[in-house]
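A short worksheet on the structure shown next.
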Amino acid sequence: MRSFYAVIYMTEAFFSQADADREFRLVKAEYSWTPFVVLGPGERKKKAAAK
């Protein structure tokens with residue numbers, strides 16, 4: 001059996017690991033999938049000014 005991992009990266013806590021686990025069960029995702037919720041710093045890079 002193969003294992004697949006869904007990494008959900010957030011810069012703000014929109015939902016928890018328990019929420020992700022619940023959603024995977026709700027949509028009846030295969031048991032080979034495991035979600036991981038990761039919270040950390042980050043931001044979008046600013047676009048360069050047009051010349």
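Here, A, B, ... name the chains of the structure tokens in the order displayed, residue numbers run from 1 inside each chain, and ligands are numbered from 1 in the same displayed order.
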
Just the alpha helix (DSSP H) stuff from chain A, please, per backbone DSSP, written as number ranges by chain. A: 17-26

Excluding Val38 (chain A) and residues on its chain fewer than 2 positions from it, collect all residues at most 10 Å away from it, counting only C-alpha atoms, and give them as a PyMOL selection string. chain A and resi 7-13+16-17+35-36+40

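Between CA of Ser32 (chain A) and CA of Phe14 (chain A) lies a distance of 24.6 Å.
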
Kindly give the distance, in Å, that separates CA of Ser3 (chain A) and CA of Ala18 (chain A), rounded to a single decimal. 19.5 Å

Strand (DSSP E or B) per DSSP on the backbone: members of chain A, as a PyMOL selection string: chain A and resi 4-10+33-39

Store the residues picked out above in a file with C-alpha atoms, as a PDB file, in the first residue's frame.
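Here's the written file again03.pdb:
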```pdb
ATOM      1  CA  PHE A   4       0.187  10.004   0.345  1.00  0.00           C
ATOM      2  CA  TYR A   5       0.542  13.159   2.383  1.00  0.00           C
ATOM      3  CA  ALA A   6      -1.318  16.455   2.030  1.00  0.00           C
ATOM      4  CA  VAL A   7       0.634  19.337   3.566  1.00  0.00           C
ATOM      5  CA  ILE A   8      -1.571  22.345   4.262  1.00  0.00           C
ATOM      6  CA  TYR A   9       0.663  25.341   4.987  1.00  0.00           C
ATOM      7  CA  MET A  10      -0.864  28.451   6.553  1.00  0.00           C
ATOM      8  CA  TRP A  33      -3.991   9.928   2.488  1.00  0.00           C
ATOM      9  CA  THR A  34      -2.797  11.726   5.624  1.00  0.00           C
ATOM     10  CA  PRO A  35      -3.238  15.500   6.036  1.00  0.00           C
ATOM     11  CA  PHE A  36      -0.669  17.600   7.914  1.00  0.00           C
ATOM     12  CA  VAL A  37      -1.436  21.174   8.960  1.00  0.00           C
ATOM     13  CA  VAL A  38       1.652  23.390   9.223  1.00  0.00           C
ATOM     14  CA  LEU A  39       1.592  26.922  10.601  1.00  0.00           C
TER      15      LEU A  39
END
```

Separating CA of Phe24 (chain A) from CA of Met1 (chain A), to the nearest tenth of an Å, is a gap of 18.5 Å
